[in-house]
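For reference, coords-v1.txt is printed below; it contains compact mmCIF, C-alpha atoms and all ligand atoms.
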```txt
# COMPACT_ATOMS: atom_id res chain seq x y z
CA MET A 26 88.91 66.76 64.91
CA ALA A 27 86.16 65.39 67.17
CA GLU A 28 87.55 61.90 66.54
CA GLN A 29 90.96 63.02 67.78
CA LYS A 30 89.60 64.51 70.99
CA LYS A 31 87.70 61.31 71.70
CA PHE A 32 90.84 59.29 71.17
CA TYR A 33 92.54 61.16 73.96
CA GLY A 34 89.66 60.90 76.41
CA GLN A 35 87.96 64.02 77.84
CA GLU A 36 86.11 66.05 75.28
CA GLU A 37 84.85 68.64 77.69
CA PHE A 38 87.04 70.97 79.62
CA SER A 39 86.79 74.21 81.49
CA LYS A 40 88.82 77.03 80.02
CA GLY A 41 90.77 78.78 82.73
CA LEU A 42 89.58 75.98 85.08
CA GLU A 43 86.40 78.01 85.60
CA GLY A 44 84.16 76.27 88.12
CA VAL A 45 86.60 73.40 88.60
CA ILE A 46 86.94 72.19 92.19
CA ALA A 47 90.59 71.40 92.82
CA CYS A 48 90.63 70.69 96.56
CA GLU A 49 88.75 71.01 99.82
CA SER A 50 89.47 73.95 102.11
CA LYS A 51 88.35 75.33 105.45
CA ILE A 52 90.16 78.65 105.02
CA GLY A 53 87.76 80.92 103.22
CA TYR A 54 84.58 81.02 101.18
CA ILE A 55 83.20 83.38 98.55
CA ASP A 56 79.54 83.51 97.60
CA GLY A 57 79.92 85.25 94.28
CA GLN A 58 76.20 85.71 93.73
CA LYS A 59 75.66 87.42 97.08
CA GLY A 60 78.97 89.27 97.20
CA TRP A 61 79.90 87.61 100.45
CA LEU A 62 83.36 86.69 101.73
CA ILE A 63 84.39 84.89 104.91
CA TYR A 64 87.71 83.82 106.37
CA ARG A 65 87.19 80.70 108.54
CA GLY A 66 83.50 81.59 108.90
CA ILE A 67 84.06 85.21 109.95
CA GLU A 68 82.71 87.89 107.63
CA ILE A 69 85.34 90.03 105.97
CA GLY A 70 83.59 93.20 107.18
CA ASP A 71 83.86 92.05 110.81
CA LEU A 72 87.53 91.27 110.42
CA ALA A 73 88.23 94.61 108.75
CA GLU A 74 86.33 96.37 111.52
CA HIS A 75 87.74 94.60 114.55
CA SER A 76 90.87 92.63 113.70
CA THR A 77 94.52 93.27 112.97
CA TYR A 78 96.48 91.83 110.08
CA GLU A 79 98.50 89.69 112.50
CA GLU A 80 95.36 88.24 114.04
CA THR A 81 93.83 87.63 110.60
CA ALA A 82 97.00 85.90 109.42
CA TYR A 83 96.90 83.69 112.50
CA LEU A 84 93.25 82.89 111.81
CA LEU A 85 94.02 81.94 108.21
CA LEU A 86 97.01 79.82 109.17
CA PHE A 87 95.74 78.07 112.29
CA GLY A 88 91.97 77.98 111.83
CA LYS A 89 90.89 79.96 114.90
CA LEU A 90 91.19 83.41 116.42
CA PRO A 91 94.22 83.42 118.71
CA THR A 92 94.04 83.89 122.45
CA ARG A 93 95.92 86.92 123.79
CA LYS A 94 98.91 84.69 124.60
CA GLU A 95 98.90 83.01 121.19
CA LEU A 96 98.68 86.36 119.44
CA ASP A 97 101.53 87.78 121.52
CA GLU A 98 103.72 84.82 120.63
CA PHE A 99 102.79 85.08 116.96
CA ASN A 100 103.52 88.82 117.00
CA GLU A 101 106.88 88.22 118.63
CA LYS A 102 107.79 85.84 115.85
CA LEU A 103 106.72 88.25 113.13
CA VAL A 104 108.70 91.06 114.75
CA SER A 105 111.76 88.85 115.16
CA TYR A 106 111.71 88.03 111.45
CA ARG A 107 111.40 91.61 110.17
CA LYS A 108 115.11 92.17 109.66
CA ILE A 109 116.31 90.47 106.50
CA ASP A 110 119.74 89.63 105.16
CA PRO A 111 121.38 92.94 104.08
CA ARG A 112 122.58 91.33 100.86
CA VAL A 113 119.00 91.44 99.57
CA ALA A 114 119.15 95.26 99.54
CA GLU A 115 122.35 95.04 97.49
CA ILE A 116 120.61 92.77 95.00
CA ILE A 117 117.70 95.21 94.69
CA LYS A 118 120.14 98.10 94.18
CA ASP A 119 121.79 96.22 91.32
CA MET A 120 118.51 95.71 89.48
CA PRO A 121 117.65 98.01 86.58
CA PRO A 122 115.63 100.87 88.15
CA LYS A 123 113.14 100.76 85.28
CA ALA A 124 112.15 97.18 86.14
CA HIS A 125 108.66 96.91 87.60
CA PRO A 126 108.70 96.69 91.42
CA MET A 127 106.81 93.41 91.22
CA ALA A 128 109.65 92.00 89.11
CA GLN A 129 112.09 93.38 91.68
CA LEU A 130 110.05 91.94 94.55
CA ARG A 131 109.83 88.55 92.84
CA THR A 132 113.58 88.39 92.28
CA ALA A 133 114.51 89.81 95.69
CA PHE A 134 112.17 87.48 97.53
CA SER A 135 113.50 84.52 95.61
CA ALA A 136 117.05 85.60 96.46
CA LEU A 137 116.10 85.89 100.13
CA GLY A 138 115.21 82.22 100.12
CA THR A 139 118.74 81.31 99.08
CA TYR A 140 120.10 82.75 102.35
CA GLU A 141 118.01 80.31 104.38
CA ASP A 142 119.58 77.08 105.56
CA PRO A 143 119.04 74.58 102.70
CA ALA A 144 118.63 71.82 105.27
CA LYS A 145 115.47 73.61 106.37
CA VAL A 146 114.23 74.92 103.03
CA ASP A 147 114.75 71.88 100.88
CA GLU A 148 113.48 69.13 103.17
CA PHE A 149 109.75 68.65 103.34
CA ASP A 150 108.55 68.95 106.89
CA LEU A 151 105.25 70.64 107.71
CA GLU A 152 106.47 72.13 110.97
CA THR A 153 109.47 73.73 109.28
CA TRP A 154 107.33 74.92 106.35
CA THR A 155 104.94 76.52 108.85
CA GLU A 156 107.76 78.36 110.63
CA LEU A 157 109.25 79.49 107.31
CA GLY A 158 105.77 80.54 106.19
CA ILE A 159 105.38 82.80 109.23
CA LYS A 160 108.84 84.15 108.56
CA ALA A 161 107.92 84.80 104.92
CA ILE A 162 104.81 86.77 105.93
CA SER A 163 107.03 89.07 107.97
CA GLU A 164 109.82 89.22 105.39
CA MET A 165 107.51 90.10 102.51
CA ALA A 166 106.75 93.46 104.14
CA THR A 167 110.45 94.22 104.55
CA VAL A 168 111.42 93.20 101.03
CA ALA A 169 108.53 95.15 99.47
CA ALA A 170 109.38 98.23 101.54
CA GLN A 171 113.03 97.97 100.53
CA VAL A 172 112.04 97.73 96.87
CA GLY A 173 109.95 100.89 97.30
CA ARG A 174 112.72 102.77 99.12
CA LEU A 175 115.61 101.78 96.88
CA ARG A 176 113.81 102.48 93.63
CA ALA A 177 113.05 105.95 94.99
CA GLY A 178 116.77 106.39 95.67
CA LYS A 179 116.30 106.28 99.43
CA PRO A 180 117.96 103.97 101.97
CA PRO A 181 115.98 101.13 103.56
CA VAL A 182 114.31 101.96 106.88
CA GLU A 183 114.99 99.68 109.84
CA PRO A 184 111.82 97.99 111.12
CA ASP A 185 110.30 99.42 114.31
CA PRO A 186 109.42 96.62 116.77
CA THR A 187 106.92 98.84 118.58
CA LEU A 188 104.67 99.12 115.51
CA ASN A 189 102.18 96.52 114.35
CA HIS A 190 102.65 94.76 111.03
CA ALA A 191 100.68 97.21 108.87
CA SER A 192 102.06 100.34 110.53
CA ASN A 193 105.61 99.03 110.44
CA PHE A 194 105.25 98.27 106.74
CA PHE A 195 103.95 101.79 106.10
CA TYR A 196 106.86 103.19 108.12
CA MET A 197 109.48 101.09 106.31
CA LEU A 198 107.99 102.11 102.94
CA THR A 199 107.45 105.84 103.49
CA GLY A 200 110.00 106.61 106.21
CA ARG A 201 107.35 108.17 108.45
CA LYS A 202 105.13 106.73 111.13
CA PRO A 203 101.47 106.59 110.12
CA ASN A 204 98.89 108.68 111.91
CA GLU A 205 95.87 106.92 113.40
CA LEU A 206 93.81 107.01 110.22
CA GLU A 207 96.69 105.86 108.03
CA ALA A 208 97.49 103.01 110.42
CA ASP A 209 93.85 101.94 110.44
CA VAL A 210 93.50 102.06 106.65
CA MET A 211 96.74 100.15 106.06
CA ASN A 212 95.67 97.48 108.53
CA LYS A 213 92.25 97.14 106.88
CA ALA A 214 93.71 97.05 103.38
CA LEU A 215 96.03 94.20 104.37
CA ILE A 216 93.16 92.26 105.98
CA LEU A 217 90.90 92.72 102.94
CA HIS A 218 93.60 91.41 100.59
CA ALA A 219 94.87 88.57 102.81
CA ASP A 220 93.08 85.65 101.18
CA HIS A 221 90.65 84.96 98.38
CA GLY A 222 90.11 81.36 97.43
CA LEU A 223 92.02 79.73 94.60
CA ASN A 224 92.80 82.94 92.74
CA ALA A 225 95.63 82.73 90.19
CA SER A 226 98.48 83.61 92.56
CA THR A 227 97.28 81.34 95.37
CA PHE A 228 96.75 78.48 92.97
CA THR A 229 100.21 79.09 91.49
CA ALA A 230 101.76 78.89 94.96
CA MET A 231 99.83 75.69 95.68
CA VAL A 232 100.84 74.08 92.39
CA ILE A 233 104.50 74.83 93.09
CA ALA A 234 104.24 73.56 96.68
CA SER A 235 102.46 70.40 95.57
CA SER A 236 105.68 69.16 93.99
CA LEU A 237 107.24 69.63 97.47
CA SER A 238 109.55 72.26 96.00
CA ASP A 239 109.96 74.76 98.88
CA ILE A 240 107.97 77.58 100.42
CA TYR A 241 110.16 80.38 99.03
CA SER A 242 109.65 79.00 95.52
CA ALA A 243 105.90 78.75 96.09
CA ILE A 244 105.67 82.34 97.32
CA THR A 245 107.93 83.61 94.55
CA GLY A 246 105.54 82.00 92.08
CA GLY A 247 102.64 83.69 93.84
CA ILE A 248 104.30 87.09 93.40
CA ALA A 249 104.92 86.35 89.71
CA SER A 250 101.28 85.49 89.15
CA LEU A 251 99.93 88.41 91.16
CA LYS A 252 101.90 90.83 88.97
CA GLY A 253 99.58 90.43 85.98
CA PRO A 254 97.01 93.11 85.05
CA LEU A 255 94.18 90.58 85.15
CA HIS A 256 95.00 89.91 88.81
CA GLY A 257 96.87 92.08 91.34
CA GLY A 258 98.36 94.34 88.70
CA ALA A 259 94.91 95.82 88.07
CA ASN A 260 95.12 98.22 91.05
CA GLU A 261 97.94 100.27 89.52
CA ARG A 262 96.26 100.33 86.13
CA THR A 263 92.90 101.33 87.58
CA LEU A 264 94.35 104.51 89.05
CA LYS A 265 96.12 105.20 85.75
CA MET A 266 92.76 104.89 84.01
CA PHE A 267 91.12 107.38 86.40
CA MET A 268 93.95 109.82 85.72
CA GLU A 269 93.59 109.38 81.97
CA ILE A 270 89.86 110.08 82.22
CA GLY A 271 90.76 113.37 83.91
CA GLU A 272 87.24 114.64 84.66
CA PRO A 273 84.10 112.81 85.85
CA GLU A 274 82.16 114.00 82.79
CA ASN A 275 84.69 112.26 80.49
CA ALA A 276 84.04 108.87 82.06
CA LYS A 277 81.11 107.79 79.92
CA ALA A 278 82.77 108.49 76.57
CA TYR A 279 86.01 106.88 77.78
CA ILE A 280 84.24 103.70 78.86
CA GLU A 281 82.14 103.51 75.69
CA GLU A 282 85.26 103.81 73.57
CA LYS A 283 87.07 101.07 75.51
CA LEU A 284 84.07 98.75 75.40
CA ALA A 285 83.63 99.36 71.66
CA LYS A 286 87.23 98.22 71.23
CA LYS A 287 86.47 95.18 73.43
CA GLU A 288 88.97 96.35 76.02
CA LYS A 289 88.60 95.47 79.69
CA ILE A 290 87.94 98.18 82.24
CA MET A 291 90.45 97.71 85.03
CA GLY A 292 89.17 97.06 88.55
CA MET A 293 85.89 95.73 87.14
CA GLY A 294 84.64 92.17 86.86
CA HIS A 295 85.61 89.01 88.64
CA ARG A 296 85.69 85.30 87.90
CA VAL A 297 83.76 84.45 91.08
CA TYR A 298 81.86 87.61 92.05
CA LYS A 299 78.84 88.36 89.95
CA ALA A 300 77.78 90.94 92.54
CA TYR A 301 79.52 93.87 94.23
CA ASP A 302 82.81 92.73 95.79
CA PRO A 303 82.42 93.33 99.56
CA ARG A 304 86.06 94.39 99.78
CA ALA A 305 85.48 97.12 97.20
CA ARG A 306 82.51 98.37 99.20
CA ILE A 307 84.68 98.79 102.31
CA LEU A 308 87.54 100.37 100.38
CA SER A 309 85.17 102.73 98.59
CA SER A 310 84.23 104.52 101.81
CA TYR A 311 87.91 104.91 102.75
CA ALA A 312 88.75 106.08 99.23
CA GLU A 313 86.12 108.81 99.57
CA ARG A 314 87.36 109.96 102.96
CA LEU A 315 91.06 109.85 102.13
CA ALA A 316 90.65 111.38 98.69
CA LYS A 317 88.88 114.38 100.24
CA LEU A 318 91.53 114.73 102.96
CA SER A 319 94.41 114.57 100.49
CA GLY A 320 92.91 116.83 97.81
CA ASN A 321 92.26 113.95 95.41
CA GLU A 322 88.49 114.11 95.51
CA LYS A 323 88.26 114.40 91.74
CA LEU A 324 89.78 110.93 91.37
CA TYR A 325 87.10 109.54 93.64
CA LEU A 326 84.36 111.30 91.67
CA ILE A 327 85.77 109.88 88.44
CA ALA A 328 85.77 106.40 89.98
CA LYS A 329 82.14 106.78 91.06
CA GLU A 330 81.20 107.85 87.54
CA VAL A 331 83.07 104.90 85.98
CA GLU A 332 81.33 102.59 88.42
CA LYS A 333 77.93 104.06 87.55
CA VAL A 334 78.46 103.80 83.78
CA MET A 335 79.85 100.27 84.04
CA ILE A 336 77.02 98.99 86.23
CA GLU A 337 74.46 100.54 83.86
CA ARG A 338 76.22 98.93 80.89
CA LEU A 339 77.40 95.60 82.28
CA GLY A 340 75.85 95.11 85.71
CA LYS A 341 73.36 92.68 84.18
CA LYS A 342 76.33 90.55 83.14
CA GLY A 343 77.60 90.54 86.72
CA ILE A 344 80.34 93.11 86.17
CA PHE A 345 80.89 95.20 89.32
CA PRO A 346 83.88 96.85 91.00
CA ASN A 347 86.40 94.38 92.39
CA VAL A 348 88.92 94.93 95.20
CA ASP A 349 91.33 96.68 92.84
CA PHE A 350 88.86 99.40 91.89
CA TYR A 351 89.20 101.61 94.97
CA SER A 352 92.43 100.39 96.56
CA GLY A 353 94.55 102.54 94.24
CA ILE A 354 92.79 105.75 95.30
CA VAL A 355 93.30 104.75 98.94
CA TYR A 356 97.04 104.14 98.54
CA TYR A 357 97.56 107.18 96.30
CA SER A 358 95.80 109.35 98.87
CA LEU A 359 98.23 107.99 101.46
CA GLY A 360 101.05 109.34 99.27
CA ILE A 361 102.22 105.95 98.00
CA ASP A 362 103.82 105.59 94.56
CA PRO A 363 101.32 103.82 92.24
CA LYS A 364 104.06 101.45 91.14
CA MET A 365 104.03 100.06 94.70
CA PHE A 366 100.32 99.22 94.75
CA THR A 367 100.72 95.62 93.59
CA PRO A 368 103.64 94.92 95.96
CA ILE A 369 101.32 96.04 98.80
CA PHE A 370 98.87 93.42 97.59
CA ALA A 371 101.65 90.82 97.89
CA VAL A 372 102.45 91.99 101.44
CA ALA A 373 98.84 91.14 102.33
CA ARG A 374 98.21 88.06 100.18
CA VAL A 375 101.30 86.20 101.39
CA ALA A 376 99.24 85.10 104.43
CA GLY A 377 96.69 83.45 102.15
CA TRP A 378 99.41 81.85 100.04
CA VAL A 379 101.08 80.36 103.10
CA ALA A 380 97.81 79.25 104.73
CA ARG A 381 96.52 77.55 101.57
CA VAL A 382 99.86 75.90 100.80
CA LEU A 383 100.12 74.48 104.32
CA GLU A 384 96.52 73.30 104.32
CA TYR A 385 96.98 71.56 100.99
CA LEU A 386 100.21 69.91 102.08
CA HIS A 387 98.48 68.19 104.98
CA ASP A 388 97.07 65.82 102.40
CA ASN A 389 99.18 66.64 99.39
CA ARG A 390 98.64 65.35 95.90
CA ILE A 391 100.70 66.87 93.11
CA PHE A 392 98.62 69.01 90.73
CA ARG A 393 98.66 67.50 87.31
CA PRO A 394 95.73 68.40 85.04
CA ARG A 395 95.61 67.47 81.37
CA ALA A 396 94.79 69.25 78.14
CA VAL A 397 92.48 68.14 75.36
CA TYR A 398 94.82 67.42 72.48
CA THR A 399 93.53 69.06 69.31
CA GLY A 400 96.62 68.64 67.15
CA PRO A 401 97.20 66.07 64.41
CA LEU A 402 97.49 62.43 65.40
CA LYS A 403 99.86 61.60 62.64
CA ALA A 404 102.45 63.86 61.12
CA GLU A 405 105.55 63.05 59.16
CA TYR A 406 109.04 64.01 60.30
CA ILE A 407 110.43 66.10 57.43
CA PRO A 408 114.21 66.57 57.29
CA ILE A 409 115.11 70.25 57.76
CA ASP A 410 116.40 70.80 54.18
CA GLN A 411 113.07 69.64 52.75
CA ARG A 412 110.85 71.91 54.86
CA SER A 413 109.18 74.87 53.22
N1 LIG A 501 85.52 95.26 81.47
C1 LIG A 501 84.70 95.01 80.43
N2 LIG A 501 84.14 93.82 80.20
C2 LIG A 501 84.41 92.85 81.05
C3 LIG A 501 85.26 93.04 82.17
C4 LIG A 501 85.82 94.31 82.35
N3 LIG A 501 86.63 94.55 83.38
N4 LIG A 501 85.37 91.89 82.83
C5 LIG A 501 84.62 90.98 82.19
N5 LIG A 501 84.04 91.57 81.11
C6 LIG A 501 83.16 90.90 80.13
C7 LIG A 501 84.00 90.15 79.11
O1 LIG A 501 84.33 90.96 78.00
C8 LIG A 501 83.08 89.01 78.77
O2 LIG A 501 82.13 89.49 77.87
P1 LIG A 501 81.51 88.55 76.70
O3 LIG A 501 80.74 87.48 77.44
O4 LIG A 501 80.67 89.47 75.91
O5 LIG A 501 82.68 88.00 75.96
C9 LIG A 501 82.39 88.69 80.08
O6 LIG A 501 82.40 89.92 80.82
C10 LIG A 501 83.12 87.62 80.89
O7 LIG A 501 84.46 88.03 81.04
P2 LIG A 501 85.71 87.08 81.10
O8 LIG A 501 86.94 87.84 80.72
O9 LIG A 501 85.43 85.82 80.35
O10 LIG A 501 85.72 86.76 82.64
P3 LIG A 501 86.86 86.04 83.42
O11 LIG A 501 86.21 85.37 84.55
O12 LIG A 501 87.72 85.21 82.53
O13 LIG A 501 87.79 87.25 83.92
C11 LIG A 501 88.67 89.03 85.11
C12 LIG A 501 87.73 87.83 85.16
C13 LIG A 501 90.05 88.59 84.58
C14 LIG A 501 88.86 89.57 86.50
C15 LIG A 501 88.06 90.10 84.18
O14 LIG A 501 86.83 90.53 84.71
C16 LIG A 501 88.99 91.27 83.95
O15 LIG A 501 89.87 91.20 83.09
N6 LIG A 501 88.83 92.39 84.73
C17 LIG A 501 89.71 93.52 84.61
C18 LIG A 501 91.02 93.27 85.32
C19 LIG A 501 90.86 93.28 86.83
O16 LIG A 501 90.26 94.18 87.41
N7 LIG A 501 91.46 92.28 87.48
C20 LIG A 501 91.43 92.16 88.94
C21 LIG A 501 90.53 91.05 89.37
S1 LIG A 501 90.43 90.97 91.13
C22 LIG A 501 91.89 90.32 91.57
O17 LIG A 501 92.48 89.55 90.89
C23 LIG A 501 92.48 90.74 92.78
```

Any chance you could put this one into structure tokens?
Ligand code: ACO
Amino acid sequence: MAEQKKFYGQEEFSKGLEGVIACESKIGYIDGQKGWLIYRGIEIGDLAEHSTYEETAYLLLFGKLPTRKELDEFNEKLVSYRKIDPRVAEIIKDMPPKAHPMAQLRTAFSALGTYEDPAKVDEFDLETWTELGIKAISEMATVAAQVGRLRAGKPPVEPDPTLNHASNFFYMLTGRKPNELEADVMNKALILHADHGLNASTFTAMVIASSLSDIYSAITGGIASLKGPLHGGANERTLKMFMEIGEPENAKAYIEEKLAKKEKIMGMGHRVYKAYDPRARILSSYAERLAKLSGNEKLYLIAKEVEKVMIERLGKKGIFPNVDFYSGIVYYSLGIDPKMFTPIFAVARVAGWVARVLEYLHDNRIFRPRAVYTGPLKAEYIPIDQRS
């Protein structure tokens, strides 16, 4: 076997590309040991405290905080792109209602791309890709909100141009305008989820874009990757776990049983963070506040207990809450259907997908890794009738 690997070159490889450097980037940096995250040099806590999602998206895309004029122009574009082709709603309506909203979002967003002018979508031009990327950031909120509305049997809500991106998304999803706290939380949640290095969905989008496919395909791939429970899909499952636990005093036994069966605890652990995820820290304080206000305090207490047990058991291994641990309690306390938690993640992360794709395309090289071949080097072709 060793002989065969040698024959094909590389003997060593990194499973799951752990630690592999695939490109250079100026967009964001994670210090996993310190639990530190920056977008373009600015700490995530500062952005969550002071910025808006629009401003953060601009920062990710263009490398600097916008001036007032630049932000106004960027906002105008986002607002102008909020209305999407009405045929997308018809497509969503035709989908089986039991399909997961991330599957519906993936398909609907992909369909949306087919209504764009192919002369724009299918020709590689960075300026056009940038404009379509901005458009996609705006459209993602509308498509996700329509998925949420239609699966609940309600009609889509027209976007409100007077609301900012996060508030308008909340409005299109729930049908009511957010109060000050809700608007603030939604804005912060979108900022916290906007970018995070070469996570699976971002990398997927970059791989697709590196073949110069098109930006709708790249983003559709990002949605598909984000759906998984090891990535964005963990937020929905984390809340489900808290509900299953039922009472804070059940947490320890529940965790021990899962760990004994070698099952993963959702919302815990991270490939890069070996310390407390700074995004989870920020969301934790909002989860506490909102859970109390909405009568869901028990869920928060269960989460705290799970966190405590997990850190006692696996903190030494670098297992701490990740961004998905508290986001579910936040959204649930805002009255949002748990099935929509991962689509909200996509509404935020699309800015990171677009920014990273555009950055990579400035000096594109198609992604094409290799595998260590461990199969036989010589095997006989046996005619079908002679096979056992
Ligand atoms: N619960 C229990 N044990 C865990 C967990 C967890 N959540 N996460 C990691 N571990 C353990 C593993 O069992 C493994 O133990 P071992 O060394 O004894 O075999 C060790 O920690 C390393 O874990 P890996 O799975 O190899 O770590 P990897 O970097 O491949 O995975 C991942 C990271 C996928 C996030 C993992 O921690 C996980 O599955 N977490 C739960 C799902 C989740 O919350 N995903 C969201 C991540 S954040 C995001 O994508 C937005």

Around ligand LIG 501 (chain A), which protein and nucleic acid residues have at least one atom no more than 9 Å from it, if we count all atoms listed in the file? List them as a compact mmCIF listing (two decimals) with C-alpha atoms, in the frame of the given file.
```
# COMPACT_ATOMS: atom_id res chain seq x y z
CA LYS A 40 88.82 77.03 80.02
CA GLY A 41 90.77 78.78 82.73
CA GLU A 43 86.40 78.01 85.60
CA HIS A 218 93.60 91.41 100.59
CA HIS A 221 90.65 84.96 98.38
CA ASN A 224 92.80 82.94 92.74
CA ALA A 225 95.63 82.73 90.19
CA SER A 226 98.48 83.61 92.56
CA LEU A 251 99.93 88.41 91.16
CA GLY A 253 99.58 90.43 85.98
CA PRO A 254 97.01 93.11 85.05
CA LEU A 255 94.18 90.58 85.15
CA HIS A 256 95.00 89.91 88.81
CA GLY A 257 96.87 92.08 91.34
CA GLY A 258 98.36 94.34 88.70
CA ALA A 259 94.91 95.82 88.07
CA ASN A 260 95.12 98.22 91.05
CA ARG A 262 96.26 100.33 86.13
CA THR A 263 92.90 101.33 87.58
CA ILE A 280 84.24 103.70 78.86
CA LYS A 283 87.07 101.07 75.51
CA LEU A 284 84.07 98.75 75.40
CA LYS A 287 86.47 95.18 73.43
CA GLU A 288 88.97 96.35 76.02
CA LYS A 289 88.60 95.47 79.69
CA ILE A 290 87.94 98.18 82.24
CA MET A 291 90.45 97.71 85.03
CA GLY A 292 89.17 97.06 88.55
CA MET A 293 85.89 95.73 87.14
CA GLY A 294 84.64 92.17 86.86
CA HIS A 295 85.61 89.01 88.64
CA ARG A 296 85.69 85.30 87.90
CA VAL A 297 83.76 84.45 91.08
CA TYR A 298 81.86 87.61 92.05
CA MET A 335 79.85 100.27 84.04
CA LEU A 339 77.40 95.60 82.28
CA LYS A 342 76.33 90.55 83.14
CA GLY A 343 77.60 90.54 86.72
CA ILE A 344 80.34 93.11 86.17
CA PHE A 345 80.89 95.20 89.32
CA PRO A 346 83.88 96.85 91.00
CA ASN A 347 86.40 94.38 92.39
CA VAL A 348 88.92 94.93 95.20
CA ASP A 349 91.33 96.68 92.84
CA PHE A 350 88.86 99.40 91.89
CA PHE A 370 98.87 93.42 97.59
```

Worksheet entry | Interatomic distance (Å, one decimal) between CA of Ser135 (chain A) and CA of Val182 (chain A) |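 Rounded to one decimal, the two atoms are 20.8 Å apart.
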
Discussion item. List as a list in words the residues having at least one atom at most 9 Å from position (119.6, 102.6, 95.3) as given in the file, counting all atoms listed in the file.
Written reply: Ala114, Glu115, Ile117, Lys118, Asp119, Pro122, Arg174, Leu175, Arg176, Ala177, Gly178, Lys179 and Pro180 of chain A

So for region 141-155 of chain A, what box centre and size do we get, axis-aligned, 8 Å extra on each of the six sides, every listed atom, Å to one decimal, as lines of an AutoDock Vina configuration file?
```
center_x = 112.3
center_y = 74.5
center_z = 105.9
size_x = 30.6
size_y = 27.7
size_z = 26.1
```

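The nearest approach to Ala47 (chain A) among the residues A:Leu86, A:Met197, A:Ile391, A:Leu326, with all atoms listed in the file taken into account, belongs to A:Ile391.
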
Practice prompt. Name the closest residue to Leu62 (chain A) among the candidates A:Leu137, A:Ala208, A:Ala300, A:Ile46; distances are taken between atoms, counting all atoms listed in the file.
Written response: A:Ala300

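Between Ile361 (chain A) and the residues A:Ala133, A:Ile116, A:Leu198, A:Leu188, the shortest atom-to-atom distance, using all atoms listed in the file, involves A:Leu198.
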
Worksheet item: Which value, in Å to one decimal, gives the distance between CA of Phe228 (chain A) and CA of Met165 (chain A)?
Response: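 That distance, rounded to one decimal, is 18.5 Å.
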
Worksheet item: Nearest to Pro273 (chain A) among A:Trp154, A:Tyr325, A:Tyr351, A:Phe38, with distances taken over all atoms listed in the file: which residue is it?
Response: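 Checking each candidate against Pro273 (chain A), we get A:Tyr325 as the closest.
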
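Straight-line separation from CA of Leu383 (chain A) to CA of Leu130 (chain A): 22.3 Å.
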
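Nearest to Ala328 (chain A) of all the residues A:Lys299, A:Val372, A:Met266, A:Ile109 is A:Met266, based on all atoms listed in the file.
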
Discussion item. Counting only C-alpha atoms, which residue out of A:Ile55, A:Leu402, A:Ala285, A:Ala124 sits closest to Asp302 (chain A)?
Written reply: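 Using only C-alpha atoms, the shortest distance to Asp302 (chain A) belongs to A:Ile55.
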
Pick out the residues sitting within 12 Å of Ala373 (chain A), and hand them over as a CSV table (one decimal) with C-alpha atoms, in the frame of the given file; count all atoms listed in the file, and ignore anything fewer than 6 positions along from it in its own chain.
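Full text of selection20.csv as output:
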```csv
chain,number,residue,atom,x,y,z
A,77,THR,CA,94.5,93.3,113.0
A,78,TYR,CA,96.5,91.8,110.1
A,79,GLU,CA,98.5,89.7,112.5
A,81,THR,CA,93.8,87.6,110.6
A,82,ALA,CA,97.0,85.9,109.4
A,85,LEU,CA,94.0,81.9,108.2
A,161,ALA,CA,107.9,84.8,104.9
A,162,ILE,CA,104.8,86.8,105.9
A,163,SER,CA,107.0,89.1,108.0
A,164,GLU,CA,109.8,89.2,105.4
A,165,MET,CA,107.5,90.1,102.5
A,166,ALA,CA,106.8,93.5,104.1
A,169,ALA,CA,108.5,95.2,99.5
A,190,HIS,CA,102.6,94.8,111.0
A,191,ALA,CA,100.7,97.2,108.9
A,194,PHE,CA,105.2,98.3,106.7
A,211,MET,CA,96.7,100.2,106.1
A,212,ASN,CA,95.7,97.5,108.5
A,213,LYS,CA,92.2,97.1,106.9
A,214,ALA,CA,93.7,97.0,103.4
A,215,LEU,CA,96.0,94.2,104.4
A,216,ILE,CA,93.2,92.3,106.0
A,217,LEU,CA,90.9,92.7,102.9
A,218,HIS,CA,93.6,91.4,100.6
A,219,ALA,CA,94.9,88.6,102.8
A,220,ASP,CA,93.1,85.6,101.2
A,221,HIS,CA,90.6,85.0,98.4
A,247,GLY,CA,102.6,83.7,93.8
A,248,ILE,CA,104.3,87.1,93.4
A,251,LEU,CA,99.9,88.4,91.2
A,257,GLY,CA,96.9,92.1,91.3
A,366,PHE,CA,100.3,99.2,94.8
A,367,THR,CA,100.7,95.6,93.6
A,379,VAL,CA,101.1,80.4,103.1
```

Discussion item. Env of Arg395 (chain A): 10 Å cut, atoms = all atoms listed in the file, seq-sep filter 2 positions within chain, self excluded. Answer as a list in words.
Written reply: Gln35, Phe38, Phe392, Arg393, Val397 and Tyr398 of chain A

Practice prompt. For Ser309 (chain A), list every protein, DNA or RNA residue within 9 Å, evaluated using all atoms listed in the file, and leave out those in the same chain fewer than 3 positions away; present the list as a list in words.
Written response: Arg304, Ala305, Arg306, Ala312, Glu313, Arg314, Tyr325, Phe350, Tyr351, Ser352, Ile354 and Val355 of chain A

Store the residues picked out above in a file with C-alpha atoms, as a CSV table (one decimal), in the frame of the given file.
```
chain,number,residue,atom,x,y,z
A,304,ARG,CA,86.1,94.4,99.8
A,305,ALA,CA,85.5,97.1,97.2
A,306,ARG,CA,82.5,98.4,99.2
A,312,ALA,CA,88.8,106.1,99.2
A,313,GLU,CA,86.1,108.8,99.6
A,314,ARG,CA,87.4,110.0,103.0
A,325,TYR,CA,87.1,109.5,93.6
A,350,PHE,CA,88.9,99.4,91.9
A,351,TYR,CA,89.2,101.6,95.0
A,352,SER,CA,92.4,100.4,96.6
A,354,ILE,CA,92.8,105.8,95.3
A,355,VAL,CA,93.3,104.8,98.9
```
